[in-house]
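J.: Provided herewith: work.txt, compact mmCIF, C-alpha atoms.
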```
# COMPACT_ATOMS: atom_id res chain seq x y z
CA MET A 1 -88.35 -169.72 -78.82
CA ARG A 2 -87.11 -171.34 -82.03
CA ILE A 3 -89.55 -171.07 -84.94
CA THR A 4 -89.27 -172.59 -88.41
CA ILE A 5 -91.37 -170.98 -91.13
CA VAL A 6 -91.85 -172.98 -94.33
CA GLY A 7 -92.64 -170.59 -97.17
CA GLY A 8 -91.21 -167.16 -97.85
CA GLY A 9 -94.31 -165.62 -99.43
CA GLU A 10 -96.38 -162.80 -97.99
CA ILE A 11 -97.51 -164.77 -94.93
CA GLY A 12 -94.05 -166.16 -94.23
CA PHE A 13 -92.45 -162.74 -94.61
CA ALA A 14 -95.01 -161.01 -92.36
CA LEU A 15 -94.60 -163.72 -89.69
CA SER A 16 -90.82 -163.45 -89.91
CA GLN A 17 -90.93 -159.68 -89.47
CA ALA A 18 -93.13 -159.96 -86.39
CA LEU A 19 -91.52 -162.98 -84.76
CA SER A 20 -87.81 -162.38 -85.43
CA ILE A 21 -87.77 -159.48 -82.97
CA ASP A 22 -88.11 -161.78 -79.95
CA HIS A 23 -87.45 -165.27 -81.34
CA GLU A 24 -84.93 -167.31 -83.29
CA VAL A 25 -86.51 -167.72 -86.74
CA PHE A 26 -85.54 -170.01 -89.62
CA VAL A 27 -87.22 -169.60 -93.02
CA VAL A 28 -87.31 -172.32 -95.68
CA ASP A 29 -88.04 -171.56 -99.32
CA ASN A 30 -86.84 -172.98 -102.63
CA GLU A 31 -86.83 -169.74 -104.65
CA PRO A 32 -83.46 -167.93 -104.82
CA ALA A 33 -85.11 -164.52 -105.32
CA VAL A 34 -87.07 -164.93 -102.08
CA ALA A 35 -83.85 -165.10 -100.04
CA GLU A 36 -82.98 -161.48 -100.92
CA ARG A 37 -86.17 -160.22 -99.32
CA PHE A 38 -85.20 -161.75 -95.96
CA GLU A 39 -81.67 -160.29 -95.85
CA ALA A 40 -82.84 -157.24 -93.89
CA LEU A 41 -84.44 -159.42 -91.21
CA ASP A 42 -82.71 -161.18 -88.34
CA VAL A 43 -83.58 -164.68 -89.61
CA GLN A 44 -81.71 -167.72 -90.88
CA PHE A 45 -82.76 -168.41 -94.48
CA VAL A 46 -82.45 -171.99 -95.71
CA ARG A 47 -82.85 -172.48 -99.45
CA GLY A 48 -84.36 -175.79 -100.49
CA ARG A 49 -87.49 -177.87 -100.78
CA ALA A 50 -89.65 -178.00 -97.66
CA THR A 51 -90.46 -181.66 -98.43
CA SER A 52 -86.81 -182.65 -97.99
CA PRO A 53 -85.84 -183.98 -94.56
CA GLY A 54 -82.28 -182.73 -95.10
CA VAL A 55 -83.46 -179.18 -95.77
CA LEU A 56 -85.71 -179.21 -92.72
CA GLU A 57 -82.85 -180.55 -90.61
CA ARG A 58 -80.66 -177.64 -91.80
CA ALA A 59 -83.51 -175.33 -90.76
CA GLY A 60 -83.32 -176.68 -87.20
CA VAL A 61 -86.71 -178.41 -87.17
CA ALA A 62 -85.44 -181.02 -84.70
CA GLN A 63 -84.92 -178.27 -82.10
CA ALA A 64 -87.84 -176.04 -83.16
CA ASP A 65 -90.62 -175.21 -80.74
CA VAL A 66 -92.99 -174.17 -83.54
CA LEU A 67 -93.30 -174.93 -87.25
CA VAL A 68 -95.49 -172.78 -89.49
CA ALA A 69 -96.06 -174.28 -92.94
CA CYS A 70 -97.43 -171.49 -95.12
CA THR A 71 -96.41 -172.13 -98.71
CA GLY A 72 -99.00 -171.71 -101.43
CA LEU A 73 -99.30 -175.49 -101.82
CA ASP A 74 -101.43 -177.40 -99.30
CA GLU A 75 -99.69 -180.71 -99.97
CA VAL A 76 -96.22 -179.20 -99.38
CA ASN A 77 -97.43 -177.73 -96.08
CA ILE A 78 -98.88 -181.06 -94.95
CA VAL A 79 -95.77 -183.05 -95.92
CA ALA A 80 -93.47 -180.49 -94.24
CA CYS A 81 -95.48 -180.88 -91.01
CA ALA A 82 -95.27 -184.68 -91.25
CA ILE A 83 -91.50 -184.62 -91.75
CA ALA A 84 -91.06 -182.10 -88.93
CA SER A 85 -93.01 -184.37 -86.55
CA LYS A 86 -90.59 -187.22 -87.36
CA LEU A 87 -87.52 -185.04 -86.84
CA GLY A 88 -88.66 -183.31 -83.66
CA GLN A 89 -91.73 -182.25 -81.72
CA PRO A 90 -92.61 -178.73 -82.85
CA ARG A 91 -96.15 -177.42 -82.53
CA ALA A 92 -97.21 -177.39 -86.17
CA PHE A 93 -99.48 -174.81 -87.79
CA CYS A 94 -100.48 -175.80 -91.31
CA PHE A 95 -101.99 -173.28 -93.75
CA VAL A 96 -104.41 -174.75 -96.28
CA SER A 97 -106.41 -173.10 -99.02
CA ARG A 98 -108.80 -175.93 -99.84
CA GLU A 99 -111.82 -176.48 -97.64
CA GLU A 100 -111.62 -180.25 -98.05
CA PHE A 101 -108.63 -180.35 -95.68
CA LEU A 102 -110.49 -178.67 -92.82
CA GLY A 103 -112.69 -181.62 -91.91
CA LEU A 104 -109.67 -183.89 -91.72
CA HIS A 105 -108.15 -182.49 -88.53
CA ASP A 106 -108.65 -185.44 -86.21
CA ASP A 107 -106.62 -188.49 -85.17
CA LYS A 108 -107.27 -190.22 -88.49
CA GLY A 109 -106.83 -187.11 -90.65
CA LEU A 110 -104.31 -184.30 -90.60
CA ALA A 111 -103.41 -184.79 -86.93
CA GLN A 112 -101.60 -187.98 -87.90
CA PHE A 113 -99.19 -185.76 -89.84
CA GLY A 114 -98.21 -183.95 -86.65
CA ILE A 115 -100.41 -180.93 -87.35
CA ASP A 116 -101.65 -179.16 -84.23
CA ARG A 117 -103.65 -176.43 -85.94
CA VAL A 118 -105.04 -176.00 -89.44
CA VAL A 119 -105.31 -172.40 -90.63
CA TRP A 120 -107.60 -171.46 -93.52
CA PRO A 121 -106.81 -167.78 -94.24
CA GLU A 122 -109.56 -167.33 -96.81
CA ALA A 123 -112.25 -168.31 -94.30
CA GLN A 124 -110.69 -166.11 -91.61
CA LEU A 125 -110.66 -163.11 -93.95
CA ALA A 126 -114.28 -163.72 -94.97
CA ALA A 127 -115.33 -164.01 -91.31
CA ASP A 128 -113.48 -160.78 -90.44
CA ILE A 129 -115.17 -158.89 -93.26
CA GLU A 130 -118.60 -160.31 -92.37
CA ARG A 131 -118.13 -159.39 -88.70
CA ILE A 132 -117.34 -155.77 -89.57
CA ILE A 133 -120.09 -155.44 -92.20
CA ARG A 134 -122.73 -156.58 -89.70
CA VAL A 135 -122.05 -153.45 -87.63
CA PRO A 136 -122.69 -150.42 -89.89
CA GLY A 137 -120.18 -147.62 -89.51
CA ALA A 138 -117.77 -149.66 -87.38
CA LEU A 139 -114.03 -149.61 -88.03
CA ASP A 140 -113.65 -153.00 -86.39
CA ALA A 141 -115.75 -155.51 -84.48
CA GLU A 142 -114.83 -158.55 -82.39
CA THR A 143 -117.03 -161.08 -80.65
CA PHE A 144 -116.28 -163.01 -77.49
CA VAL A 145 -117.94 -165.78 -75.44
CA ASP A 146 -119.52 -167.38 -78.53
CA GLY A 147 -121.04 -164.08 -79.65
CA ALA A 148 -122.50 -163.07 -76.26
CA ILE A 149 -120.15 -160.08 -76.07
CA GLN A 150 -119.37 -157.79 -78.96
CA MET A 151 -116.67 -155.12 -78.95
CA VAL A 152 -117.04 -152.45 -81.64
CA GLU A 153 -114.74 -149.58 -82.62
CA TYR A 154 -116.24 -146.36 -84.02
CA ARG A 155 -114.76 -143.05 -85.09
CA PRO A 156 -117.28 -140.24 -84.53
CA ASP A 157 -117.47 -137.89 -87.49
CA GLY A 158 -118.27 -134.15 -87.58
CA VAL A 159 -122.06 -134.70 -87.55
CA SER A 160 -122.05 -137.23 -84.70
CA ALA A 161 -123.80 -136.36 -81.44
CA LEU A 162 -120.92 -137.91 -79.43
CA PRO A 163 -118.30 -135.11 -79.40
CA GLY A 164 -119.07 -132.59 -76.67
CA CYS A 165 -121.68 -134.84 -75.08
CA ARG A 166 -121.46 -136.49 -71.66
CA ILE A 167 -121.60 -140.27 -71.73
CA ALA A 168 -124.35 -140.21 -69.11
CA GLU A 169 -126.50 -138.24 -71.58
CA LEU A 170 -126.06 -140.68 -74.48
CA HIS A 171 -128.92 -142.99 -75.26
CA LEU A 172 -126.94 -146.17 -75.80
CA PRO A 173 -128.67 -149.51 -76.36
CA HIS A 174 -129.35 -151.47 -73.16
CA GLY A 175 -126.29 -153.42 -72.08
CA SER A 176 -123.85 -151.13 -73.94
CA LEU A 177 -120.72 -149.81 -72.29
CA ILE A 178 -118.06 -147.44 -73.60
CA VAL A 179 -114.84 -149.04 -72.40
CA ALA A 180 -112.20 -146.74 -73.90
CA VAL A 181 -111.78 -143.45 -75.73
CA ARG A 182 -108.80 -142.60 -77.89
CA ARG A 183 -107.85 -139.03 -78.65
CA GLY A 184 -104.70 -138.77 -80.73
CA ASP A 185 -102.11 -140.95 -79.03
CA SER A 186 -103.82 -141.12 -75.64
CA VAL A 187 -106.35 -143.72 -74.54
CA PHE A 188 -108.42 -143.37 -71.39
CA ILE A 189 -111.32 -145.08 -69.65
CA PRO A 190 -114.26 -142.66 -69.67
CA ARG A 191 -116.58 -141.91 -66.77
CA GLY A 192 -120.20 -140.85 -67.09
CA GLU A 193 -119.25 -137.17 -66.83
```
Show me, as C-alpha cells, the structure contained in the file I just sent.
T.:
Amino acid sequence: MRITIVGGGEIGFALSQALSIDHEVFVVDNEPAVAERFEALDVQFVRGRATSPGVLERAGVAQADVLVACTGLDEVNIVACAIASKLGQPRAFCFVSREEFLGLHDDKGLAQFGIDRVVWPEAQLAADIERIIRVPGALDAETFVDGAIQMVEYRPDGVSALPGCRIAELHLPHGSLIVAVRRGDSVFIPRGE
C-alpha cells in the first residue's frame, strides 16, 4: 500500500516507523531539520509545503492509497486533504486539534474536502485516560459493543489473593471471565483448575 504522511512531527514519525515496514511511505514536511530524523527509516522524504499541489504530486499523492495529514496546523491538514482529493483518490485521515472542526464532518463540511476520517488526538487521549481511571488498579481497559463488554488488564501484586489460587475459587463479579493469563513471555487461556 502507498501511504503519504503530511507532517514529520511526533505523530508523523511514529506512523512512518510503524507503517514503513510493510508499506511504501512518503513523508512531506517543510522543515529541513525534520528530514534528518527520517533518514534511518525506509521512507521517501519530500521537503516542501503540504499546501502545494506540486509538492504533493512529488510525494505520489495521485497514486496513494492513504493520506494522513498530521501537521500541527488544522488548516494545513484540511487543505492538504482537499488537494490530495483533486490529485487522486486516497483515503484521507485528517488530524485536527480544535473541537470546532469535529462537527463539520458531513457532506457540507469537511467531507467536501475529501476527508474520510477526522482524528482528534486530544479527545482520544482524554477518553483513554478516563477509561482506565474508571477501573481502579487496572493497567488498561477497553470497552466493546457500546460499553456492554469491558476488557480489563490487571497485574496482581504480592498481597493479591490471585497468585496460588484456583480460578474456580475466586469470587469474581457475576458475568466476569478471565480470558488470558500472562506469565513472563507466555500467554495462556486459563481453566477453572
J.: Please identify all polymer residues within 9 Å of segment 17-31 of chain A, counting all atoms listed in the file, omitting same-chain residues fewer than 3 positions from it, and present them as a ChimeraX atom specification.
T.: /A:1-9,12-14,34-35,38,41-50,55-56,59-61,71
J.: For Glu142 of chain A, which residue out of A:Ala64, A:Ala84, A:Ala69, A:Ile129 is the nearest one, using only C-alpha atoms?
T.: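 Selected residue with least distance to Glu142 of chain A: A:Ile129.
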J.: Extract, using all atoms listed in the file, all DNA, RNA and protein residues at most 10 Å from segment 168-182 of chain A, discarding same-chain residues fewer than 4 positions from it, and format them as JSON, numbers by chain.
T.: {"A": [149, 150, 151, 152, 153, 154, 155, 161, 162, 186, 187, 188, 189, 190, 191, 192, 193]}
J.: When you draw a straight line from atom CA of Glu39 of chain A to atom CA of Val68 of chain A, how long is it in Å?
T.: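 Straight-line distance from atom CA of Glu39 of chain A to atom CA of Val68 of chain A works out to 19.7 Å.
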J.: For a test of reading the model, state the distance in Å between atom CA of Cys94 of chain A and atom CA of Asp140 of chain A, rounded to one decimal.
T.: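 Atom CA of Asp140 of chain A lies at a distance of 26.8 Å from atom CA of Cys94 of chain A.
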J.: Mind giving me the straight-line distance from atom CA of Arg98 of chain A to atom CA of Asp74 of chain A in Å, one decimal?
T.: 7.5 Å
J.: Have a look at A:Val96, A:Ala138, A:Ala62, A:Ile11 and name the one nearest to Trp120 of chain A; count only C-alpha atoms.
T.: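 Among A:Val96, A:Ala138, A:Ala62, A:Ile11, it is A:Val96 that comes nearest to Trp120 of chain A.
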J.: Pick from A:Pro53, A:Ile78, A:Thr143, A:Ser16: nearest to Ala40 of chain A, with all atoms listed in the file counted?
T.: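 Result for the nearest residue to Ala40 of chain A: A:Ser16.
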J.: Looking at all atoms listed in the file, which of A:Ala33, A:Glu75, A:Asp65, A:Pro156 is the one that sits closest to Leu139 of chain A?
T.: A:Pro156
